[in-house]
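First up is the structure itself, then whatever we jot down about it.
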Amino acid sequence: MNKYLLSIKLILILCLSLQAQTSDIQIKVLTEAENEPLLGATVYFEALEKGAVTDFDGIATFTEIPDGQHQIIISFLGFETFETTIQIPSNTELMFKLKEGGNQLDAVVLQSSRSTRTVRKIPTRIEFIGAEELGEKAIMNPTNISMVLRESTGIQMQQTSLSSGSTNIRIQGLDGRYTQLLRDGFPLYGGFSSGLSILQIPPLDLQQFEIIKGSSSTLYGGGAIAGLVNMVSKTPDYEPALDIMLTQTQALGSTANVFYSKRNEKFGVSLYGSGHYQKAYDPEDDGFSNLPNTTSISFNPKLFYYPSEKTTLWFGLNGTYDDRIGGDMTKIESGENGIHQYTEENNSKRLSSQLVYQTQLDSVSSLEFKNSVSFFDRNLTVPDFNFDGKQTNTFTEISYNTASDKTDWIVGANLYTSNFDENDNAPLQRDQKDVTFGAFANNIFDISDNWILETGLRADYNTDFGFFPLPRISLLYKNNSGFSSRIGGGLGYKIPDIFTEEAEYINFENVLAIDKSTVDAERSYGVNFDVNYQTRLSDEIGFSINQLFYVTAINDGLLLNSTDNGFFQFENASDKIFSKGSETNIKFTYKDFRWFLNYAFIDTRLNYLEGNPQKPLTAKHNAGSVIMYESKKWRIGYETYYTGKQFLSNGTETTDFVTMGLMVMRNFKLGSVFVNFENFTDRRQSRFSPLVLPPHENPVFPEIYAPTDGFIFSVGLIIKPFGNEDDD
C-alpha cells in the first residue's frame, strides 16, 4: 500500500513540476509586403495578460512563459491584427508577418494626420520620432524637449535670452510663433509662455513626436504656418510600467523623472512627476551666468475610463512651477553689491486640464470630443522693470471620422479663446482677448493603388480679425519598388499678439499693445515637394533617402518698430517674408548599426527690407551625422552637427562651427545606466565673440547664434522595477 501511495506522490510531484516549467522565448514580427522587421509591434498573451513590444530587429522577448499552448495577439498601428495559437516550447522559429490594415479604426498611426491610415498611405508629409529615439534624447537632455527638436533636420532652437535661457523653435527659418505646438492634439502653451514653452515640457512621458512642416492650418487652425509638432503621451497598458530616471551633470544640474502607468478592464492611470534644479553656471568665468539658477517642478496625472471596448474617456491635469534667475553671478549668489546689479528673473506657474471622449460608432466611424483649459502666470523682472500677467486659454472641439474602402473623411468644429491680462499696476496695459470659431473637413481618396489625393478646407472666424478660408491639397504617388513622392500646399494665418522674439529679446519693455484697428493678421501660402526611396543594398544593408523642397511666403508679417518717443509698436511688413530651401535625409542600416546623414539648406529672405537680406540668426547651411549602435544590452551614439555662417541684425557675419556628442547606455534587467558627453569639443559663442558687453551694472547682451553652455557631461540611472524590455 505504501508503495502505491509513494508512486502516486511521485507522479503528482512530476506533474506539478512539468506544469511549472517555463521558457524564455522570442517572437519575430515582419512586414508581409517588404519582409522587413517591424519595430514597435505589440505581442500579447491574452490568458497571461502579458505583452511586449518588438525591438529594432522585430523581436519581442518574453521570460517565464509557461510551457503549453497559448493564444497570442500581434498588432501594430496601421496593420491588420493577427491572432494565432503557439506551442511552447517550439521546435521552429516563432516568426509571423503582418499585412497592412487598410482603413481599420484601430490603425491610427499618427494623431496629427487624424486619419486611420498608415504613414505610407497619407499624402501629407509627416516626420515621425518614436519612443526609442525619444529615450535617447531624454538621456541627452532629461529636463525638456529642446534636444529632440534641435537635432531634427531643418529645425533650429533659437535662444533669445542668455540670462533665462528662453528658447524658441524655428522650422525652416521662420520664427517660433509660426509653429504650433500640440500635445495629444491639444494646442500647447504659446503666447505669453513664449520662449519658456519648450523649456517646460519634459520628455519622459512622451511616446512619439509627429512633425508636419509647411502650412497645416486646415486641421489645426491659425498658427501652423511653418508647421506643427504634435507630442503624443504614453498611455497605460495591462502590463504595469514604472520608470525612474535620475541625472546629474558636471554643470551642477540635477533632474529626477518618474512615470507610472497601469490599466485593467475598466480603468487606467498614468502618473508623471519631474523635478529639476540647476545652479547658476558660468563656464567662461566672466561673471555672468550661461545657465540660470533654476528650480522646476512638473506633475501630470491622467485617469482613463473604458466603459466598453469601443469607448475611451480620459481626463488629465498638467501643473508646472518654474523659477529661474540668471545674470550677474555675484548678485545671484550674494545679493546686490556695487556694480553687481543685473539679474533677469522669470517666475511662472502653469495649470492645464485635458478631457477626451472617443467612441467607435460602428466598424468604420468614430466620434471624438475634447476640451482643455490652461492657465499661465508669469512674472518677469529685470532692473527697473517688471512684466507681470496671466493668460487663460480654452480649446473645445468635436470631430467625426468615417472611412470606406477608398475614402477617409473627417469633419469637425472647434472654439479657441485666449485672454491675456497684464497686471493692473503696469504703466502700459496690453491686455488682449481673442475668440476664434472654426469648422473643417478633410478627405483622403485612393485614386488607384499608386495615387492618393488629400483635400481639406477650414473656415475660421476671429471676432476681431475676420474670416479666414484655408484650403489645402496634397497628392501622393507610391509603388511597390520602394519609391514614393508627395506634393502639397495650403494657406495659413496667425492672429497678432505682442509675444514675438523681438519683443522677448527686450523683455517686452516699452512695447505697445497690438492696435487691432491698424494691424492685420499675418497670412501665408506654402508648397512642399518630396521624394522617398528605400531599398536593401544587400541582405544586411538597408538604405533610404528622403529629399524635400519647400517654399513658404508670409504676407503682412508682424514687425516691431521703434517710435520717436522711445516706445516700440507693431506694424505689418510692406512686403513678404519668403522662405525656400531643401532638406536631405539619408539612412543606412547594417545589423545593429544605423547611420543617419542630413543636410538643410535654408534661404529665408526679408523682402520688405532693401536688398532682400537673409533673415538674421538663420544659418543657410546645416548638416549632421549620427551613428548608432543598438543591441539588447548596449546603446551607443555618436553625433556631429555643422552650423553654417549667420548674420546678426546689424549685418555682421558670424563664424560657422561644429558640435559633437557621445552617448553610451548599458541595459540591465531592472534598468539602465548611461553617460552623455554633450558638445564635448566645447563649442560656445564666447570662443568667437563676447556674450556680455559693458557696463557691468547695466550690461548689453549681443544676439545669440551659437551654444552658450558649452560642454556638458552627465551621468544617470534609469530604474525599471517591472523589468527592462531592452534586456535579454
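Chain identifiers are assigned as A, B, and so on, following the order in which chains appear in the C-alpha cells; residues are numbered from 1 within each chain, and ligands are numbered from 1 in order of appearance.
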
May I have the residues within 6 Å of stretch 256-267 of chain A as a VMD selection string, using only C-alpha atoms and disregarding those fewer than 3 positions away in the same chain? chain A and resid 236 to 238 240 to 246 270 to 275 304 to 306

Quick one: everything within 8 Å of A:Pro37, counting only C-alpha atoms, minus sequence neighbours fewer than 3 positions away in the same chain. Send it as a VMD selection string. chain A and resid 28 to 31 56 to 59

Would you export the selected residues with N, CA and C atoms as an mmCIF file, in the first residue's frame, please?
```cif
data_model
loop_
_atom_site.group_PDB
_atom_site.id
_atom_site.type_symbol
_atom_site.label_atom_id
_atom_site.label_comp_id
_atom_site.auth_asym_id
_atom_site.auth_seq_id
_atom_site.Cartn_x
_atom_site.Cartn_y
_atom_site.Cartn_z
ATOM 1 N N LYS A 28 9.361 36.905 -33.520
ATOM 2 C CA LYS A 28 9.786 37.877 -34.521
ATOM 3 C C LYS A 28 8.613 38.266 -35.408
ATOM 4 N N VAL A 29 8.488 39.566 -35.677
ATOM 5 C CA VAL A 29 7.389 40.096 -36.482
ATOM 6 C C VAL A 29 7.973 40.840 -37.682
ATOM 7 N N LEU A 30 7.489 40.487 -38.883
ATOM 8 C CA LEU A 30 7.945 41.111 -40.128
ATOM 9 C C LEU A 30 6.766 41.722 -40.864
ATOM 10 N N THR A 31 7.056 42.629 -41.789
ATOM 11 C CA THR A 31 6.020 43.121 -42.701
ATOM 12 C C THR A 31 5.841 42.100 -43.814
ATOM 13 N N PHE A 56 14.228 46.834 -32.619
ATOM 14 C CA PHE A 56 14.656 47.260 -33.953
ATOM 15 C C PHE A 56 14.733 46.087 -34.928
ATOM 16 N N ASP A 57 14.986 44.884 -34.406
ATOM 17 C CA ASP A 57 15.060 43.691 -35.253
ATOM 18 C C ASP A 57 13.715 42.980 -35.377
ATOM 19 N N GLY A 58 12.646 43.600 -34.890
ATOM 20 C CA GLY A 58 11.328 42.996 -34.971
ATOM 21 C C GLY A 58 11.094 41.887 -33.971
ATOM 22 N N ILE A 59 11.882 41.834 -32.888
ATOM 23 C CA ILE A 59 11.820 40.733 -31.930
ATOM 24 C C ILE A 59 11.215 41.202 -30.611
#
```

Contact residues around A:Leu476 with only C-alpha atoms at 9 Å, ignoring same-chain residues under 6 positions, as number ranges by chain: A: 121-124, 450-454, 484-488

Show me a table, sorted first by chain and then by increasing residue number, of the residues of stretch 109-221 of chain A having an atom at most 12 Å from stretch 708-713 of chain A, each with its shortest atom pair and the distance in Å to one decimal, counting only C-alpha atoms and written as a Markdown table.
```
| residue | atom | partner | partner_atom | distance |
| --- | --- | --- | --- | --- |
| A:Ile139 | CA | A:Phe713 | CA | 11.2 |
| A:Met140 | CA | A:Phe713 | CA | 9.3 |
| A:Asn141 | CA | A:Ile712 | CA | 10.0 |
| A:Gln158 | CA | A:Thr708 | CA | 11.4 |
| A:Gln159 | CA | A:Thr708 | CA | 9.1 |
| A:Thr160 | CA | A:Thr708 | CA | 11.3 |
| A:Ser161 | CA | A:Thr708 | CA | 10.3 |
| A:Leu162 | CA | A:Thr708 | CA | 7.6 |
| A:Ser163 | CA | A:Thr708 | CA | 10.5 |
| A:Ser164 | CA | A:Thr708 | CA | 11.8 |
| A:Gly165 | CA | A:Thr708 | CA | 9.2 |
```

Now that the selection is made, can you save its residues with all heavy atoms as a PDB file, in the first residue's frame?
```pdb
ATOM      1  N   ILE A 139      17.964  60.998 -22.466  1.00  0.00           N
ATOM      2  CA  ILE A 139      19.252  60.811 -21.799  1.00  0.00           C
ATOM      3  C   ILE A 139      20.122  62.049 -22.002  1.00  0.00           C
ATOM      4  O   ILE A 139      20.783  62.530 -21.072  1.00  0.00           O
ATOM      5  CB  ILE A 139      19.953  59.561 -22.351  1.00  0.00           C
ATOM      6  CG1 ILE A 139      19.208  58.304 -21.891  1.00  0.00           C
ATOM      7  CG2 ILE A 139      21.410  59.502 -21.916  1.00  0.00           C
ATOM      8  CD1 ILE A 139      19.694  57.042 -22.554  1.00  0.00           C
ATOM      9  N   MET A 140      20.119  62.597 -23.224  1.00  0.00           N
ATOM     10  CA  MET A 140      20.946  63.754 -23.532  1.00  0.00           C
ATOM     11  C   MET A 140      20.441  65.011 -22.831  1.00  0.00           C
ATOM     12  O   MET A 140      21.225  65.866 -22.415  1.00  0.00           O
ATOM     13  CB  MET A 140      20.978  63.984 -25.040  1.00  0.00           C
ATOM     14  CG  MET A 140      21.599  62.829 -25.804  1.00  0.00           C
ATOM     15  SD  MET A 140      21.477  63.069 -27.589  1.00  0.00           S
ATOM     16  CE  MET A 140      22.094  61.493 -28.184  1.00  0.00           C
ATOM     17  N   ASN A 141      19.117  65.138 -22.704  1.00  0.00           N
ATOM     18  CA  ASN A 141      18.545  66.284 -22.001  1.00  0.00           C
ATOM     19  C   ASN A 141      17.243  65.856 -21.344  1.00  0.00           C
ATOM     20  O   ASN A 141      16.190  65.853 -21.978  1.00  0.00           O
ATOM     21  CB  ASN A 141      18.293  67.447 -22.960  1.00  0.00           C
ATOM     22  CG  ASN A 141      17.824  68.702 -22.235  1.00  0.00           C
ATOM     23  OD1 ASN A 141      17.516  68.676 -21.044  1.00  0.00           O
ATOM     24  ND2 ASN A 141      17.756  69.813 -22.950  1.00  0.00           N
ATOM     25  N   GLN A 158      16.243  78.568 -31.244  1.00  0.00           N
ATOM     26  CA  GLN A 158      16.831  79.896 -31.153  1.00  0.00           C
ATOM     27  C   GLN A 158      16.721  80.425 -29.726  1.00  0.00           C
ATOM     28  O   GLN A 158      15.632  80.715 -29.243  1.00  0.00           O
ATOM     29  CB  GLN A 158      16.136  80.858 -32.121  1.00  0.00           C
ATOM     30  CG  GLN A 158      16.676  82.278 -32.063  1.00  0.00           C
ATOM     31  CD  GLN A 158      18.157  82.337 -32.384  1.00  0.00           C
ATOM     32  OE1 GLN A 158      18.601  81.756 -33.361  1.00  0.00           O
ATOM     33  NE2 GLN A 158      18.915  83.033 -31.561  1.00  0.00           N
ATOM     34  N   GLN A 159      17.867  80.541 -29.047  1.00  0.00           N
ATOM     35  CA  GLN A 159      17.876  81.093 -27.693  1.00  0.00           C
ATOM     36  C   GLN A 159      17.734  82.601 -27.773  1.00  0.00           C
ATOM     37  O   GLN A 159      18.444  83.273 -28.525  1.00  0.00           O
ATOM     38  CB  GLN A 159      19.172  80.714 -26.974  1.00  0.00           C
ATOM     39  CG  GLN A 159      19.188  81.109 -25.507  1.00  0.00           C
ATOM     40  CD  GLN A 159      20.426  80.568 -24.780  1.00  0.00           C
ATOM     41  OE1 GLN A 159      21.033  79.608 -25.226  1.00  0.00           O
ATOM     42  NE2 GLN A 159      20.775  81.189 -23.663  1.00  0.00           N
ATOM     43  N   THR A 160      16.818  83.165 -26.991  1.00  0.00           N
ATOM     44  CA  THR A 160      16.541  84.599 -27.041  1.00  0.00           C
ATOM     45  C   THR A 160      17.057  85.351 -25.827  1.00  0.00           C
ATOM     46  O   THR A 160      17.065  86.572 -25.823  1.00  0.00           O
ATOM     47  CB  THR A 160      15.031  84.856 -27.183  1.00  0.00           C
ATOM     48  OG1 THR A 160      14.342  84.180 -26.120  1.00  0.00           O
ATOM     49  CG2 THR A 160      14.516  84.339 -28.513  1.00  0.00           C
ATOM     50  N   SER A 161      17.482  84.620 -24.781  1.00  0.00           N
ATOM     51  CA  SER A 161      17.982  85.288 -23.581  1.00  0.00           C
ATOM     52  C   SER A 161      19.101  84.468 -22.964  1.00  0.00           C
ATOM     53  O   SER A 161      18.916  83.278 -22.691  1.00  0.00           O
ATOM     54  CB  SER A 161      16.860  85.489 -22.560  1.00  0.00           C
ATOM     55  OG  SER A 161      17.377  85.886 -21.296  1.00  0.00           O
ATOM     56  N   LEU A 162      20.263  85.089 -22.734  1.00  0.00           N
ATOM     57  CA  LEU A 162      21.349  84.409 -22.046  1.00  0.00           C
ATOM     58  C   LEU A 162      20.996  84.174 -20.584  1.00  0.00           C
ATOM     59  O   LEU A 162      21.276  83.118 -20.022  1.00  0.00           O
ATOM     60  CB  LEU A 162      22.635  85.244 -22.139  1.00  0.00           C
ATOM     61  CG  LEU A 162      23.837  84.685 -21.385  1.00  0.00           C
ATOM     62  CD1 LEU A 162      24.342  83.416 -22.052  1.00  0.00           C
ATOM     63  CD2 LEU A 162      24.952  85.734 -21.286  1.00  0.00           C
ATOM     64  N   SER A 163      20.345  85.138 -19.965  1.00  0.00           N
ATOM     65  CA  SER A 163      20.090  85.081 -18.523  1.00  0.00           C
ATOM     66  C   SER A 163      19.032  84.053 -18.151  1.00  0.00           C
ATOM     67  O   SER A 163      19.160  83.361 -17.143  1.00  0.00           O
ATOM     68  CB  SER A 163      19.674  86.464 -18.010  1.00  0.00           C
ATOM     69  OG  SER A 163      20.711  87.404 -18.224  1.00  0.00           O
ATOM     70  N   SER A 164      17.958  83.930 -18.942  1.00  0.00           N
ATOM     71  CA  SER A 164      16.883  82.998 -18.596  1.00  0.00           C
ATOM     72  C   SER A 164      16.954  81.699 -19.383  1.00  0.00           C
ATOM     73  O   SER A 164      16.321  80.711 -19.019  1.00  0.00           O
ATOM     74  CB  SER A 164      15.517  83.652 -18.839  1.00  0.00           C
ATOM     75  OG  SER A 164      15.276  83.816 -20.229  1.00  0.00           O
ATOM     76  N   GLY A 165      17.709  81.690 -20.491  1.00  0.00           N
ATOM     77  CA  GLY A 165      17.757  80.510 -21.352  1.00  0.00           C
ATOM     78  C   GLY A 165      16.552  80.367 -22.249  1.00  0.00           C
ATOM     79  O   GLY A 165      16.388  79.327 -22.903  1.00  0.00           O
TER      80      GLY A 165
END
```

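With only C-alpha atoms taken into account, the protein and nucleic acid residues at most 10 Å from A:Ile86 (excluding it and anything under 6 positions from it in its own chain) are Gly68, Gln69, His70, Gln71, Ile72 and Leu94 of chain A.
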
Which of stretch 476-688 of chain A DSSP labels alpha helix (DSSP H), written as a short mmCIF file (atom, residue, chain, number, x, y, z; two decimals) with N, CA and C atoms, in the first residue's frame:
```
data_model
loop_
_atom_site.label_atom_id
_atom_site.label_comp_id
_atom_site.auth_asym_id
_atom_site.auth_seq_id
_atom_site.Cartn_x
_atom_site.Cartn_y
_atom_site.Cartn_z
N GLU A 501 9.61 87.13 -30.91
CA GLU A 501 11.01 87.00 -30.50
C GLU A 501 11.65 88.37 -30.29
N GLU A 502 11.30 89.34 -31.13
CA GLU A 502 11.87 90.68 -31.00
C GLU A 502 11.45 91.33 -29.69
N ALA A 503 10.18 91.17 -29.31
CA ALA A 503 9.69 91.75 -28.06
C ALA A 503 10.30 91.03 -26.85
N GLU A 504 10.46 89.74 -26.96
CA GLU A 504 11.05 88.98 -25.85
C GLU A 504 12.51 89.35 -25.65
N TYR A 505 13.20 89.64 -26.72
CA TYR A 505 14.62 90.00 -26.63
C TYR A 505 14.83 91.24 -25.78
#
```

Would you mind listing what lies within 7 Å of A:Leu303 as a PyMOL selection string, with only C-alpha atoms counted and same-chain residues fewer than 6 positions away left out? chain A and resi 268-270+314-316

Shell around stretch 356-366 of chain A at 9 Å using only C-alpha atoms, local window under 6 positions removed, as a ChimeraX atom specification: /A:103-105,309-316,372,399-404

In stretch 444-630 of chain A, DSSP strand (DSSP E) residues written as an MDAnalysis selection string: chainID A and resid 444:446 451:462 466:478 483:494 522:536 541:555 558:562 568:572 577:590 593:606 621:630

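Here the question is which of A:Met231, A:Ser166, A:Pro89, A:Ile447 gets nearest to A:Arg183 using only C-alpha atoms, and that residue is A:Met231.
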
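Distance annotation: of A:Asn300, A:Asn572, A:Thr255, A:Asn419, the residue with the minimal separation from A:Gln278 is A:Thr255; atom set is only C-alpha atoms.
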
Would you kindly return, as a list of chain:residue names, each protein, DNA or RNA residue with an atom no farther than 12 Å from any atom of A:Phe375, considering only C-alpha atoms and excluding same-chain residues fewer than 6 positions away? A:Leu188, A:Tyr189, A:Gly190, A:Gly191, A:Phe192, A:Ser193, A:Leu317, A:Asn318, A:Gly319, A:Thr320, A:Ser348, A:Lys349, A:Arg350, A:Leu351, A:Ser352, A:Ser353, A:Gly389, A:Lys390, A:Gln391, A:Thr392, A:Asn393, A:Thr394, A:Thr417, A:Ser418, A:Asn419, A:Phe420, A:Asp421

Shortest contact to A:Ile473, candidates A:Val715, A:Leu457, A:Leu355, A:Leu291, atoms counted only C-alpha atoms, goes to A:Leu457

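Atom CA of A:Leu39 to atom CA of A:Lys99 spans 14.3 Å [interatomic distance, one decimal].
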
Select from stretch 307-404 of chain A every residue with an atom at most 12 Å from any atom of stretch 208-223 of chain A, then for each give the shortest pair of atoms and their distance in Å to one decimal, using only C-alpha atoms, rows by chain and rising number, as a tab-separated table.
```
residue	atom	partner	partner_atom	distance
A:Phe395	CA	A:Tyr220	CA	11.2
A:Thr396	CA	A:Tyr220	CA	12.0
A:Glu397	CA	A:Tyr220	CA	10.4
A:Ser399	CA	A:Leu219	CA	10.5
```

Can you write out the residues you just picked, keeping all heavy atoms, as an mmCIF file, in the first residue's frame?
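Everything below was put into again_32.cif:
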```
data_model
loop_
_atom_site.group_PDB
_atom_site.id
_atom_site.type_symbol
_atom_site.label_atom_id
_atom_site.label_comp_id
_atom_site.auth_asym_id
_atom_site.auth_seq_id
_atom_site.Cartn_x
_atom_site.Cartn_y
_atom_site.Cartn_z
ATOM 1 N N PHE A 395 -9.856 75.492 -25.280
ATOM 2 C CA PHE A 395 -9.980 74.844 -26.583
ATOM 3 C C PHE A 395 -11.042 73.758 -26.475
ATOM 4 O O PHE A 395 -10.986 72.907 -25.576
ATOM 5 C CB PHE A 395 -8.644 74.233 -27.008
ATOM 6 C CG PHE A 395 -8.707 73.452 -28.296
ATOM 7 C CD1 PHE A 395 -8.737 74.101 -29.515
ATOM 8 C CD2 PHE A 395 -8.746 72.067 -28.284
ATOM 9 C CE1 PHE A 395 -8.789 73.384 -30.704
ATOM 10 C CE2 PHE A 395 -8.795 71.339 -29.464
ATOM 11 C CZ PHE A 395 -8.824 72.006 -30.678
ATOM 12 N N THR A 396 -12.017 73.792 -27.386
ATOM 13 C CA THR A 396 -13.080 72.787 -27.414
ATOM 14 C C THR A 396 -13.286 72.344 -28.855
ATOM 15 O O THR A 396 -13.340 73.184 -29.765
ATOM 16 C CB THR A 396 -14.396 73.356 -26.856
ATOM 17 O OG1 THR A 396 -14.176 73.856 -25.535
ATOM 18 C CG2 THR A 396 -15.476 72.274 -26.810
ATOM 19 N N GLU A 397 -13.394 71.030 -29.051
ATOM 20 C CA GLU A 397 -13.536 70.519 -30.416
ATOM 21 C C GLU A 397 -14.371 69.252 -30.421
ATOM 22 O O GLU A 397 -14.289 68.435 -29.505
ATOM 23 C CB GLU A 397 -12.166 70.229 -31.026
ATOM 24 C CG GLU A 397 -12.225 69.687 -32.459
ATOM 25 C CD GLU A 397 -10.867 69.331 -33.003
ATOM 26 O OE1 GLU A 397 -10.199 70.247 -33.522
ATOM 27 O OE2 GLU A 397 -10.467 68.160 -32.895
ATOM 28 N N SER A 399 -15.285 66.181 -33.414
ATOM 29 C CA SER A 399 -14.956 65.739 -34.769
ATOM 30 C C SER A 399 -15.548 64.357 -35.022
ATOM 31 O O SER A 399 -15.744 63.562 -34.095
ATOM 32 C CB SER A 399 -13.439 65.713 -34.986
ATOM 33 O OG SER A 399 -12.819 64.814 -34.086
#
```
